[in-house]
$ cat my_file.txt   # compact mmCIF, C-alpha atoms
# COMPACT_ATOMS: atom_id res chain seq x y z
CA MET A 1 23.46 41.44 -33.19
CA HIS A 2 22.33 41.63 -36.84
CA LYS A 3 23.95 44.18 -39.07
CA THR A 4 22.02 46.57 -41.26
CA VAL A 5 22.86 47.63 -44.80
CA LYS A 6 24.39 50.88 -43.57
CA ASP A 7 26.63 48.98 -41.13
CA LEU A 8 28.25 46.98 -43.91
CA ASN A 9 31.46 48.03 -45.55
CA SER A 10 30.62 49.15 -49.07
CA THR A 11 33.61 47.34 -50.59
CA ASP A 12 32.47 44.07 -49.00
CA LEU A 13 28.90 44.78 -50.03
CA ASN A 14 30.02 45.45 -53.58
CA ARG A 15 31.86 42.13 -53.66
CA ALA A 16 28.92 40.22 -52.16
CA LEU A 17 26.54 41.67 -54.77
CA LYS A 18 28.84 40.64 -57.60
CA ARG A 19 29.33 37.18 -56.06
CA GLY A 20 25.62 36.72 -55.37
CA SER A 21 25.95 36.19 -51.63
CA PHE A 22 24.37 39.44 -50.43
CA THR A 23 21.40 38.70 -48.20
CA LEU A 24 18.67 41.18 -47.33
CA ARG A 25 16.22 40.25 -44.57
CA LEU A 26 12.95 42.05 -44.84
CA GLY A 27 9.53 41.09 -43.55
CA PRO A 28 9.10 37.33 -43.56
CA PHE A 29 11.64 36.77 -46.34
CA SER A 30 15.36 36.33 -46.72
CA HIS A 31 16.44 37.63 -50.16
CA LEU A 32 19.64 36.46 -51.85
CA ILE A 33 20.74 39.09 -54.36
CA LYS A 34 23.21 39.20 -57.22
CA GLY A 35 23.52 42.19 -59.51
CA PRO A 36 25.55 45.03 -60.95
CA ALA A 37 26.90 46.70 -57.81
CA ARG A 38 27.72 50.01 -59.50
CA HIS A 39 24.02 50.86 -59.90
CA LEU A 40 22.46 48.63 -57.26
CA LEU A 41 24.63 49.59 -54.31
CA PRO A 42 23.54 53.27 -54.16
CA HIS A 43 19.90 52.11 -54.29
CA LEU A 44 20.37 49.62 -51.45
CA ILE A 45 22.25 52.12 -49.28
CA GLY A 46 19.76 54.89 -50.05
CA MET A 47 16.52 52.94 -49.74
CA TYR A 48 17.30 50.03 -47.40
CA PRO A 49 19.83 51.51 -44.91
CA GLU A 50 18.11 50.17 -41.78
CA CYS A 51 17.38 46.73 -43.23
CA GLN A 52 19.06 43.71 -41.75
CA ALA A 53 21.61 42.30 -44.16
CA SER A 54 24.60 40.03 -44.38
CA LEU A 55 27.37 39.29 -46.84
CA ASP A 56 26.72 35.55 -46.75
CA PRO A 57 23.63 33.51 -47.55
CA ASP A 58 21.25 32.52 -44.76
CA ASP A 59 20.57 28.87 -44.08
CA VAL A 60 17.15 29.30 -45.64
CA THR A 61 16.50 31.75 -48.46
CA GLU A 62 12.98 32.32 -49.75
CA ILE A 63 13.75 34.70 -52.59
CA MET A 64 16.71 34.54 -54.90
CA LEU A 65 17.09 37.31 -57.44
CA ARG A 66 19.79 37.80 -60.00
CA LEU A 67 20.02 40.83 -62.24
CA LYS A 68 21.95 39.61 -65.21
CA ALA A 69 22.67 40.57 -68.79
CA PRO A 70 20.16 39.06 -71.24
CA ASN A 71 23.10 37.86 -73.37
CA VAL A 72 26.89 38.02 -73.38
CA PHE A 73 27.05 41.08 -75.66
CA ARG A 74 24.89 43.11 -73.32
CA ARG A 75 27.41 42.57 -70.53
CA PHE A 76 29.83 44.83 -72.35
CA ILE A 77 28.11 46.78 -75.14
CA ARG A 78 25.51 49.23 -73.82
CA PRO A 79 25.04 46.90 -70.82
CA GLN A 80 21.55 45.69 -70.00
CA ILE A 81 20.04 43.70 -67.15
CA SER A 82 17.01 41.43 -66.78
CA PRO A 83 15.58 40.23 -63.49
CA ASP A 84 15.98 36.47 -63.05
CA PRO A 85 13.97 35.25 -60.07
CA GLY A 86 14.78 31.62 -60.83
CA PHE A 87 11.95 31.04 -63.27
CA HIS A 88 11.19 32.42 -66.70
CA VAL A 89 9.50 35.79 -66.73
CA PRO A 90 8.78 37.86 -69.83
CA ALA A 91 10.79 40.87 -68.62
CA VAL A 92 11.99 43.53 -71.01
CA PRO A 93 15.79 44.01 -70.65
CA LEU A 94 16.63 47.36 -69.08
CA PRO A 95 19.74 49.52 -69.36
CA GLU A 96 22.09 48.64 -66.51
CA SER A 97 21.59 52.12 -65.08
CA MET A 98 17.98 51.08 -64.35
CA ALA A 99 19.15 48.29 -62.04
CA PRO A 100 17.09 49.71 -59.12
CA LEU A 101 13.92 49.31 -61.21
CA GLY A 102 14.96 45.81 -62.28
CA PHE A 103 15.67 44.94 -58.66
CA GLU A 104 12.30 46.16 -57.35
CA MET A 105 10.44 44.58 -60.28
CA GLY A 106 12.31 41.31 -59.74
CA LEU A 107 11.41 41.24 -56.05
CA ASN A 108 7.78 41.96 -56.95
CA LEU A 109 7.74 39.07 -59.42
CA SER A 110 9.30 36.73 -56.88
CA VAL A 111 6.80 37.63 -54.16
CA ALA A 112 3.84 37.61 -56.54
CA LEU A 113 4.57 34.29 -58.19
CA LYS A 114 6.51 32.22 -55.67
CA THR A 115 5.00 32.96 -52.29
CA CYS A 116 2.89 30.16 -50.85
CA ARG A 117 2.92 30.97 -47.13
CA PHE A 118 0.76 34.08 -47.57
CA VAL A 119 -2.04 35.24 -49.80
CA THR A 120 -0.40 37.99 -51.84
CA ILE A 121 -2.74 40.84 -52.70
CA HIS A 122 -1.75 43.78 -54.88
CA ALA A 123 -2.37 46.41 -52.22
CA GLY A 124 -0.73 48.94 -49.97
CA VAL A 125 -0.99 48.45 -46.22
CA VAL A 126 -0.41 50.89 -43.37
CA ALA A 127 -0.94 50.31 -39.66
CA LYS A 128 -1.49 52.31 -36.51
CA ASN A 129 -2.36 51.35 -32.95
CA GLY A 130 -2.22 47.65 -33.73
CA SER A 131 -4.61 47.55 -36.67
CA ALA A 132 -4.08 47.84 -40.40
CA ILE A 133 -5.66 49.58 -43.36
CA MET A 134 -5.45 47.86 -46.73
CA MET A 135 -5.69 49.84 -49.98
CA SER A 136 -6.17 47.93 -53.20
CA ALA A 137 -6.23 49.76 -56.51
CA ALA A 138 -5.31 49.26 -60.11
CA SER A 139 -2.07 50.85 -61.26
CA GLY A 140 -2.55 54.63 -61.33
CA GLY A 141 -5.38 54.52 -58.80
CA GLY A 142 -3.36 56.48 -56.25
CA LYS A 143 -2.50 53.60 -53.91
CA SER A 144 1.16 54.49 -53.45
CA THR A 145 0.54 58.21 -52.98
CA LEU A 146 -2.14 57.47 -50.40
CA ALA A 147 0.14 55.00 -48.60
CA ALA A 148 2.94 57.61 -48.58
CA ALA A 149 0.57 60.31 -47.33
CA LEU A 150 -0.66 58.10 -44.46
CA HIS A 151 2.94 57.11 -43.71
CA SER A 152 3.80 60.82 -43.44
CA GLU A 153 0.96 61.13 -40.90
CA GLY A 154 2.52 58.58 -38.56
CA TYR A 155 1.15 55.30 -39.91
CA SER A 156 3.67 52.47 -40.18
CA LEU A 157 4.15 51.34 -43.74
CA PHE A 158 3.55 47.60 -43.94
CA SER A 159 3.63 47.42 -47.70
CA ASP A 160 3.37 49.54 -50.79
CA GLU A 161 2.95 46.81 -53.39
CA PHE A 162 1.87 43.53 -51.81
CA ALA A 163 -0.24 42.82 -48.79
CA LEU A 164 0.90 39.54 -47.25
CA LEU A 165 -2.10 37.88 -45.66
CA ASP A 166 -1.33 35.12 -43.16
CA LEU A 167 -3.19 31.94 -44.09
CA ASP A 168 -3.95 30.97 -40.50
CA SER A 169 -4.54 34.22 -38.63
CA ALA A 170 -5.75 36.36 -41.59
CA ASP A 171 -3.54 39.15 -40.23
CA VAL A 172 -1.28 41.09 -42.58
CA ARG A 173 2.50 40.86 -42.24
CA ALA A 174 4.80 43.85 -42.63
CA TYR A 175 6.98 43.86 -45.73
CA PRO A 176 8.17 47.48 -45.77
CA ARG A 177 9.93 47.92 -49.09
CA PRO A 178 10.45 51.41 -50.55
CA ILE A 179 7.36 53.12 -51.93
CA SER A 180 7.30 52.95 -55.71
CA LEU A 181 6.43 56.32 -57.25
CA LYS A 182 5.42 57.09 -60.80
CA GLN A 183 5.19 60.33 -62.75
CA GLN A 184 3.06 62.97 -60.97
CA SER A 185 3.22 61.22 -57.59
CA ILE A 186 6.98 61.88 -57.32
CA PRO A 187 6.82 65.64 -56.46
CA ILE A 188 3.81 65.04 -54.19
CA VAL A 189 5.62 62.42 -52.12
CA ARG A 190 8.82 64.48 -52.12
CA GLU A 191 6.76 67.22 -50.49
CA LEU A 192 5.11 64.82 -48.04
CA LEU A 193 8.13 62.82 -46.87
CA GLY A 194 10.97 65.22 -47.62
CA ALA A 195 13.33 65.26 -50.59
CA ASP A 196 15.99 63.33 -48.67
CA ARG A 197 13.65 60.33 -48.47
CA VAL A 198 13.03 60.15 -52.24
CA SER A 199 15.53 58.68 -54.70
CA ASP A 200 16.72 60.31 -57.91
CA VAL A 201 14.22 59.96 -60.73
CA ILE A 202 14.87 57.16 -63.20
CA SER A 203 13.62 58.63 -66.46
CA ASP A 204 12.27 57.04 -69.62
CA THR A 205 11.66 53.61 -68.13
CA PRO A 206 8.99 51.38 -69.69
CA LYS A 207 6.75 52.69 -66.85
CA GLY A 208 7.66 56.34 -67.42
CA ASP A 209 9.51 58.31 -64.76
CA ILE A 210 10.08 56.28 -61.59
CA ALA A 211 11.42 57.08 -58.14
CA TYR A 212 11.42 55.35 -54.76
CA ALA A 213 10.70 56.70 -51.31
CA ARG A 214 12.51 55.34 -48.27
CA VAL A 215 10.38 53.88 -45.51
CA ALA A 216 10.80 55.46 -42.05
CA ALA A 217 13.23 53.67 -39.77
CA GLU A 218 10.41 53.05 -37.27
CA SER A 219 8.53 50.99 -39.88
CA LEU A 220 11.62 48.92 -40.52
CA ALA A 221 11.93 48.38 -36.79
CA GLU A 222 8.50 46.70 -37.06
CA ASN A 223 9.90 44.43 -39.73
CA ASN A 224 8.28 41.35 -38.22
CA ALA A 225 5.03 43.02 -37.20
CA SER A 226 1.60 41.71 -38.09
CA ALA A 227 -1.82 43.24 -37.54
CA PRO A 228 -5.49 42.52 -38.16
CA VAL A 229 -7.07 44.57 -40.94
CA LYS A 230 -9.87 46.86 -39.80
CA LEU A 231 -10.41 48.88 -42.98
CA ILE A 232 -10.22 47.74 -46.61
CA LEU A 233 -10.28 50.54 -49.14
CA PHE A 234 -10.47 50.66 -52.90
CA PRO A 235 -9.11 54.14 -53.65
CA ASN A 236 -9.92 55.99 -56.82
CA PHE A 237 -8.13 59.27 -57.46
CA GLN A 238 -9.98 61.60 -59.83
CA ALA A 239 -8.55 65.09 -60.23
CA GLY A 240 -11.08 67.63 -59.00
CA ALA A 241 -13.48 65.05 -57.52
CA GLN A 242 -15.23 65.67 -54.21
CA PRO A 243 -14.33 63.17 -51.47
CA LEU A 244 -16.77 60.30 -51.36
CA ALA A 245 -16.89 56.96 -49.54
CA ARG A 246 -19.22 54.19 -50.69
CA ARG A 247 -19.64 51.19 -48.43
CA LEU A 248 -19.09 47.96 -50.33
CA ASN A 249 -20.94 44.70 -49.90
CA PRO A 250 -18.28 42.43 -48.35
CA ALA A 251 -18.89 39.89 -51.12
CA GLU A 252 -18.01 42.51 -53.73
CA ALA A 253 -14.91 43.45 -51.74
CA ILE A 254 -13.87 39.80 -51.60
CA MET A 255 -14.32 39.39 -55.35
CA ARG A 256 -12.14 42.46 -55.93
CA LEU A 257 -9.45 41.17 -53.56
CA VAL A 258 -9.54 37.76 -55.24
CA ALA A 259 -8.95 39.51 -58.57
CA ALA A 260 -6.08 41.50 -57.00
CA SER A 261 -4.40 38.40 -55.56
CA THR A 262 -1.53 36.90 -57.49
CA ASN A 263 -1.60 33.47 -55.87
CA TYR A 264 -5.26 32.91 -54.94
CA SER A 265 -5.87 30.15 -57.51
CA LEU A 266 -2.61 28.47 -56.56
CA LEU A 267 -3.46 28.39 -52.85
CA GLY A 268 -7.18 27.69 -53.28
CA GLU A 269 -9.26 26.96 -50.18
CA PRO A 270 -6.85 28.38 -47.53
CA ALA A 271 -6.68 31.65 -49.49
CA TYR A 272 -10.47 31.83 -49.73
CA LYS A 273 -10.82 31.23 -45.98
CA ALA A 274 -8.18 33.85 -45.12
CA ILE A 275 -9.68 36.54 -47.35
CA VAL A 276 -13.22 35.86 -46.12
CA SER A 277 -12.04 35.92 -42.51
CA MET A 278 -10.21 39.22 -43.03
CA VAL A 279 -13.12 40.90 -44.80
CA LYS A 280 -15.68 39.75 -42.22
CA ALA A 281 -13.68 41.48 -39.50
CA ALA A 282 -13.19 44.70 -41.47
CA GLN A 283 -15.15 47.53 -43.02
CA THR A 284 -14.98 47.85 -46.79
CA PHE A 285 -15.27 51.07 -48.81
CA GLU A 286 -14.63 52.41 -52.25
CA ILE A 287 -13.28 55.93 -51.87
CA THR A 288 -13.02 58.69 -54.44
CA TYR A 289 -11.03 61.88 -53.88
CA GLY A 290 -9.50 64.74 -55.78
CA THR A 291 -6.50 65.65 -53.62
CA THR A 292 -4.07 63.85 -51.36
CA GLU A 293 -5.17 65.96 -48.39
CA GLN A 294 -8.79 64.88 -48.93
CA SER A 295 -7.74 61.24 -49.14
CA VAL A 296 -5.99 61.38 -45.77
CA GLN A 297 -8.95 63.11 -44.10
CA LEU A 298 -11.35 60.58 -45.60
CA VAL A 299 -9.29 57.59 -44.47
CA GLU A 300 -8.83 58.95 -40.95
CA GLN A 301 -12.57 59.59 -40.73
CA LEU A 302 -13.36 56.04 -41.85
CA ALA A 303 -10.68 54.56 -39.60
CA GLY A 304 -12.23 56.34 -36.65
CA GLU A 305 -15.60 54.73 -37.20
CA GLY A 306 -16.67 51.76 -35.11
CA PRO A 307 -17.81 48.49 -36.67
CA SER A 308 -20.99 48.77 -38.71
CA MET B 309 -41.58 12.86 -86.62
CA PRO B 310 -39.93 15.42 -84.25
CA THR B 311 -37.38 17.81 -85.77
CA ALA B 312 -33.74 17.77 -84.56
CA GLU B 313 -34.39 21.03 -82.69
CA GLN B 314 -37.42 19.57 -80.91
CA GLY B 315 -35.35 16.53 -80.05
CA VAL B 316 -32.63 18.69 -78.43
CA GLU B 317 -35.26 20.69 -76.53
CA SER B 318 -36.95 17.58 -75.21
CA ALA B 319 -33.57 16.06 -74.23
CA GLN B 320 -32.70 19.26 -72.32
CA ALA B 321 -36.05 19.17 -70.57
CA VAL B 322 -35.34 15.72 -69.11
CA ILE B 323 -31.72 16.29 -68.15
CA GLU B 324 -31.29 15.94 -64.43
CA TRP B 325 -28.78 18.26 -62.83
CA THR B 326 -26.70 17.42 -59.81
CA ALA B 327 -24.09 19.07 -57.59
CA ASP B 328 -21.89 17.86 -54.78
CA PRO B 329 -22.50 20.03 -51.70
CA GLU B 330 -19.09 18.97 -50.37
CA SER B 331 -17.43 20.62 -53.36
CA TRP B 332 -18.21 24.18 -52.40
CA MET B 333 -17.98 26.56 -49.45
CA SER B 334 -20.24 29.56 -49.18
CA GLU B 335 -20.74 32.75 -47.24
CA GLU B 336 -23.84 34.94 -47.30
CA PHE B 337 -23.49 38.71 -47.37
CA ASN B 338 -26.64 40.86 -47.70
CA ASP B 339 -28.65 38.41 -49.83
CA THR B 340 -25.67 37.62 -52.01
CA HIS B 341 -23.65 34.47 -51.74
CA LEU B 342 -19.99 33.94 -52.25
CA VAL B 343 -19.27 30.39 -53.38
CA PHE B 344 -15.78 28.90 -53.45
CA PHE B 345 -15.77 25.87 -55.73
CA LYS B 346 -13.01 23.54 -54.56
CA PRO B 347 -12.36 21.57 -57.79
CA SER B 348 -11.62 24.73 -59.80
CA ALA B 349 -10.47 26.98 -56.92
CA GLU B 350 -12.73 29.62 -58.44
CA THR B 351 -14.93 31.96 -56.47
CA HIS B 352 -18.39 32.87 -57.68
CA PHE B 353 -20.77 35.64 -56.69
CA LEU B 354 -24.36 34.32 -56.71
CA ASN B 355 -27.68 36.05 -56.09
CA PHE B 356 -30.29 34.41 -53.87
CA LEU B 357 -32.00 32.67 -56.79
CA SER B 358 -28.84 31.13 -58.25
CA PHE B 359 -27.67 30.03 -54.82
CA GLY B 360 -31.11 28.60 -54.05
CA ALA B 361 -30.95 26.62 -57.30
CA LEU B 362 -27.45 25.36 -56.43
CA GLU B 363 -28.56 24.29 -52.97
CA LEU B 364 -31.62 22.48 -54.31
CA VAL B 365 -29.67 20.66 -57.01
CA GLY B 366 -27.07 19.82 -54.37
CA SER B 367 -29.70 18.24 -52.12
CA SER B 368 -31.19 16.07 -54.87
CA PRO B 369 -30.89 15.87 -58.66
CA ALA B 370 -33.53 17.87 -60.51
CA THR B 371 -34.65 18.64 -64.03
CA ASN B 372 -35.28 22.25 -65.05
CA VAL B 373 -38.98 21.78 -64.41
CA THR B 374 -38.67 20.09 -61.01
CA LEU B 375 -36.12 22.71 -60.00
CA TRP B 376 -38.51 25.45 -61.14
CA HIS B 377 -41.30 24.07 -58.93
CA ALA B 378 -38.92 23.71 -56.00
CA LEU B 379 -37.73 27.31 -56.38
CA LEU B 380 -41.31 28.61 -56.61
CA SER B 381 -42.04 26.84 -53.36
CA LYS B 382 -38.76 27.75 -51.61
CA PHE B 383 -39.08 31.48 -52.26
CA ALA B 384 -42.93 31.64 -52.35
CA LEU B 385 -42.89 33.13 -55.85
CA SER B 386 -45.57 33.05 -58.53
CA GLU B 387 -45.01 31.72 -62.04
CA GLN B 388 -45.20 35.32 -63.26
CA ASP B 389 -42.43 36.34 -60.84
CA LEU B 390 -40.26 33.40 -61.79
CA PRO B 391 -40.90 32.04 -65.27
CA LEU B 392 -39.38 28.70 -66.30
CA SER B 393 -37.20 30.51 -68.85
CA LEU B 394 -35.39 32.35 -66.01
CA VAL B 395 -34.67 29.07 -64.21
CA GLU B 396 -33.35 27.62 -67.49
CA THR B 397 -30.98 30.60 -67.78
CA VAL B 398 -29.79 30.16 -64.19
CA VAL B 399 -29.21 26.44 -64.77
CA GLN B 400 -27.25 27.20 -67.93
CA GLN B 401 -25.06 29.71 -66.05
CA LEU B 402 -24.45 27.32 -63.15
CA ASP B 403 -23.52 24.61 -65.67
CA GLU B 404 -21.15 26.92 -67.52
CA ALA B 405 -19.49 27.87 -64.22
CA GLY B 406 -19.02 24.16 -63.51
CA LEU B 407 -21.01 24.32 -60.27
CA ILE B 408 -23.59 21.77 -61.46
CA SER B 409 -23.39 18.95 -63.96
CA PRO B 410 -25.84 16.66 -65.73
CA VAL B 411 -26.48 13.30 -64.13
CA SER B 412 -24.81 10.72 -66.35
CA LEU B 413 -27.06 8.48 -68.45
CA ASP B 414 -25.60 5.42 -66.69
CA ALA B 415 -26.63 6.84 -63.36
CA GLN B 416 -30.09 7.69 -64.69
CA ASN B 417 -30.60 4.18 -66.07
CA SER B 418 -29.38 2.35 -63.00

$ encode --input "my_file.txt" --output "structure tokens"
Amino acid sequence: MHKTVKDLNSTDLNRALKRGSFTLRLGPFSHLIKGPARHLLPHLIGMYPECQASLDPDDVTEIMLRLKAPNVFRRFIRPQISPDPGFHVPAVPLPESMAPLGFEMGLNLSVALKTCRFVTIHAGVVAKNGSAIMMSAASGGGKSTLAAALHSEGYSLFSDEFALLDLDSADVRAYPRPISLKQQSIPIVRELLGADRVSDVISDTPKGDIAYARVAAESLAENNASAPVKLILFPNFQAGAQPLARRLNPAEAIMRLVAASTNYSLLGEPAYKAIVSMVKAAQTFEITYGTTEQSVQLVEQLAGEGPS
Amino acid sequence: MPTAEQGVESAQAVIEWTADPESWMSEEFNDTHLVFFKPSAETHFLNFLSFGALELVGSSPATNVTLWHALLSKFALSEQDLPLSLVETVVQQLDEAGLISPVSLDAQNS
């Protein structure tokens, strides 16, 4: 029987984080984590309570992340941390109190730049009744708020940040990390999911105010789920806009997904085949909306449509 | 005595273009073509004319003029619909994208 984060003794967990032997199993990855326990532990317990975890490394670890001081002085004087995913990344050092942000950013960098088993696409994914909806948008396009809103309506959250597209089946794999919220989306999601599901706000980060929303336990229970994608959306939130859906030429959708993939050029032909296969089996729309309620109605309406 | 500019123009007119059909994969969606070019791992979005030109050059090397005639025939277009200058632009764009390349002089002479 695997233990979850909430099953582990916090003193042991604290020690494992400091030692660098804490292992978090989520989606298709085993993550080996080292970091400042004082700030990281509350985040892990608050946002990943139902996640499988252990105090010792797995036999095979895909992602190794260390949050460490950028230099020896910053271990002691106004302590800072930088994510170290095992390769050089141009990350701005953060105050140690922002360890949750450094942790989530570090995992994002690791998945975006190291994953070779899946096509990684910057997109949110939710699923219901065995099929998935992918939402790809630029930062600020409303992707996370829409994913949270659909999650609050009973959709499983597969991913908030990265869609993991299987190279062989072209299905998406669940990787249900906490939903990353910025600025105005924080109160909206607090309202949608309940305040107890949203973390404290981390203020004045390089990305502005940040908070995280915990994924429902049912989604974590589907940790190893995969599903074919039936709807691919490119959401565009515009305050005050009327809801509108524009069907996209699949070729245009593919070009947008290629641009949103972080490892497409690295993987080459298998990535092209997987994306084409996924898009051919799905419907593709650009959607514009002015409120979260409109976005949910629009998505449910499109999801209810049969193949074109 | 031809000027340098005329010399370049006449050289361009006789360049034969070629492409390896094994080097790309394509999918057609509503008269547009998605082309994945294996050597660069880049994906290109081509209209029917550009893709037609790529296919023709891939089937046998062609100069701008022979390609122009082949495209007129393939799509049943008139010279007014498809002037040579448009084909030259398409060829230039396909060359810049790396999808086609000039036949080497050695190959032309052999």

$ atom_distance --input "my_file.txt" --atom1 "atom CA of B:Thr340" --atom2 "atom CA of B:Ser358"
9.5 Å

$ interface_residues --input "my_file.txt" --of "chain A" --to "chain B" --cutoff "9 Å" --atoms "all atoms listed in the file" --output "list in words"
Asn249, Pro250, Ala251, Glu252, Ile254, Met255, Val258, Tyr264, Ser265, Leu266, Leu267, Gly268, Glu269, Tyr272 and Val276 of chain A

$ atom_distance --input "my_file.txt" --atom1 "atom CA of A:Thr291" --atom2 "atom CA of A:Thr145"
10.3 Å

$ residues_near_point --input "my_file.txt" --point "(-30.0, 30.2, -57.0)" --cutoff "10 Å" --atoms "all atoms listed in the file" --output "PyMOL selection string"
chain B and resi 340-341+354-365+379+395+398-399+402

$ atom_distance --input "my_file.txt" --atom1 "atom CA of A:Ile179" --atom2 "atom CA of A:Ser144"
6.5 Å

$ closest_atom_pairs --input "my_file.txt" --of "stretch 29-55 of chain A" --to "stretch 109-120 of chain A" --cutoff "12 Å" --atoms "all atoms listed in the file" --output "JSON lines"
{"residue": "A:Phe29", "atom": "CA", "partner": "A:Val111", "partner_atom": "CA", "distance": 9.2}
{"residue": "A:Ser30", "atom": "CA", "partner": "A:Val111", "partner_atom": "CA", "distance": 11.4}
{"residue": "A:His31", "atom": "CA", "partner": "A:Ser110", "partner_atom": "CA", "distance": 9.8}
{"residue": "A:Leu32", "atom": "CA", "partner": "A:Ser110", "partner_atom": "CA", "distance": 11.5}
{"residue": "A:Ile33", "atom": "CA", "partner": "A:Ser110", "partner_atom": "CA", "distance": 11.9}

$ write_last_selection --input "my_file.txt" --atoms "C-alpha atoms" --output "PDB file, in the coordinates of the input"
ATOM      1  CA  PHE A  29      11.640  36.770 -46.340  1.00  0.00           C
ATOM      2  CA  SER A  30      15.360  36.330 -46.720  1.00  0.00           C
ATOM      3  CA  HIS A  31      16.440  37.630 -50.160  1.00  0.00           C
ATOM      4  CA  LEU A  32      19.640  36.460 -51.850  1.00  0.00           C
ATOM      5  CA  ILE A  33      20.740  39.090 -54.360  1.00  0.00           C
TER       6      ILE A  33
END

$ residues_around --input "my_file.txt" --residues "A:Gly27" --least-positions-apart "4" --cutoff "9 Å" --atoms "only C-alpha atoms" --output "ChimeraX atom specification"
/A:158,173-177,220,222-225

$ closest_residue --input "my_file.txt" --among "A:Gln294, A:Glu62, A:His2, A:Lys128" --to "A:Ala245" --atoms "only C-alpha atoms"
A:Gln294

$ closest_residue --input "my_file.txt" --among "A:Ser226, A:Asn108, A:Ser261, A:Gln184" --to "A:Leu157" --atoms "all atoms listed in the file"
A:Ser226

$ closest_residue --input "my_file.txt" --among "A:Ser10, A:Ser54, A:Ser97, A:Gln80" --to "A:His39" --atoms "all atoms listed in the file"
A:Ser97

$ axis_aligned_box --input "my_file.txt" --around "stretch 59-64 of chain A" --padding-each-side "3 Å" --output "AutoDock Vina command-line options"
--center_x 16.8 --center_y 31.8 --center_z -49.5 --size_x 13.6 --size_y 11.8 --size_z 16.8

$ closest_residue --input "my_file.txt" --among "A:Pro187, A:Pro49, A:Pro85, A:Pro235" --to "A:Thr4" --atoms "all atoms listed in the file"
A:Pro49

$ residues_near_point --input "my_file.txt" --point "(-7.0, 62.8, -58.4)" --cutoff "12 Å" --atoms "all atoms listed in the file" --output "compact mmCIF listing (two decimals) with C-alpha atoms, in the frame of the given file"
# COMPACT_ATOMS: atom_id res chain seq x y z
CA GLY A 140 -2.55 54.63 -61.33
CA GLY A 141 -5.38 54.52 -58.80
CA GLY A 142 -3.36 56.48 -56.25
CA LYS A 143 -2.50 53.60 -53.91
CA THR A 145 0.54 58.21 -52.98
CA LEU A 146 -2.14 57.47 -50.40
CA GLN A 184 3.06 62.97 -60.97
CA SER A 185 3.22 61.22 -57.59
CA ILE A 188 3.81 65.04 -54.19
CA PRO A 235 -9.11 54.14 -53.65
CA ASN A 236 -9.92 55.99 -56.82
CA PHE A 237 -8.13 59.27 -57.46
CA GLN A 238 -9.98 61.60 -59.83
CA ALA A 239 -8.55 65.09 -60.23
CA GLY A 240 -11.08 67.63 -59.00
CA ALA A 241 -13.48 65.05 -57.52
CA GLN A 242 -15.23 65.67 -54.21
CA PRO A 243 -14.33 63.17 -51.47
CA ILE A 287 -13.28 55.93 -51.87
CA THR A 288 -13.02 58.69 -54.44
CA TYR A 289 -11.03 61.88 -53.88
CA GLY A 290 -9.50 64.74 -55.78
CA THR A 291 -6.50 65.65 -53.62
CA THR A 292 -4.07 63.85 -51.36
CA GLU A 293 -5.17 65.96 -48.39
CA GLN A 294 -8.79 64.88 -48.93
CA SER A 295 -7.74 61.24 -49.14

$ build_atoms --input "my_file.txt" --residues "stretch 115-124 of chain A" --atoms "N, CA and C atoms" --output "JSON list (two decimals), keeping the file's coordinate frame"
[["chain", "number", "residue", "atom", "x", "y", "z"],
["A", 115, "THR", "N", 5.37, 33.05, -53.70],
["A", 115, "THR", "CA", 5.00, 32.96, -52.29],
["A", 115, "THR", "C", 3.83, 31.99, -52.10],
["A", 116, "CYS", "N", 3.99, 31.10, -51.15],
["A", 116, "CYS", "CA", 2.89, 30.16, -50.85],
["A", 116, "CYS", "C", 2.49, 30.22, -49.39],
["A", 117, "ARG", "N", 3.26, 30.91, -48.56],
["A", 117, "ARG", "CA", 2.92, 30.97, -47.13],
["A", 117, "ARG", "C", 1.88, 32.04, -46.83],
["A", 118, "PHE", "N", 1.70, 32.97, -47.77],
["A", 118, "PHE", "CA", 0.76, 34.08, -47.57],
["A", 118, "PHE", "C", -0.10, 34.23, -48.83],
["A", 119, "VAL", "N", -1.29, 34.79, -48.64],
["A", 119, "VAL", "CA", -2.04, 35.24, -49.80],
["A", 119, "VAL", "C", -1.42, 36.58, -50.18],
["A", 120, "THR", "N", -0.97, 36.72, -51.41],
["A", 120, "THR", "CA", -0.40, 37.99, -51.84],
["A", 120, "THR", "C", -1.48, 38.78, -52.58],
["A", 121, "ILE", "N", -1.71, 39.99, -52.10],
["A", 121, "ILE", "CA", -2.74, 40.84, -52.70],
["A", 121, "ILE", "C", -2.08, 42.14, -53.14],
["A", 122, "HIS", "N", -2.33, 42.53, -54.37],
["A", 122, "HIS", "CA", -1.75, 43.78, -54.88],
["A", 122, "HIS", "C", -2.42, 44.93, -54.13],
["A", 123, "ALA", "N", -1.76, 45.40, -53.08],
["A", 123, "ALA", "CA", -2.37, 46.41, -52.22],
["A", 123, "ALA", "C", -1.31, 47.06, -51.34],
["A", 124, "GLY", "N", -1.56, 48.29, -50.97],
["A", 124, "GLY", "CA", -0.73, 48.94, -49.97],
["A", 124, "GLY", "C", -1.33, 48.70, -48.60]]
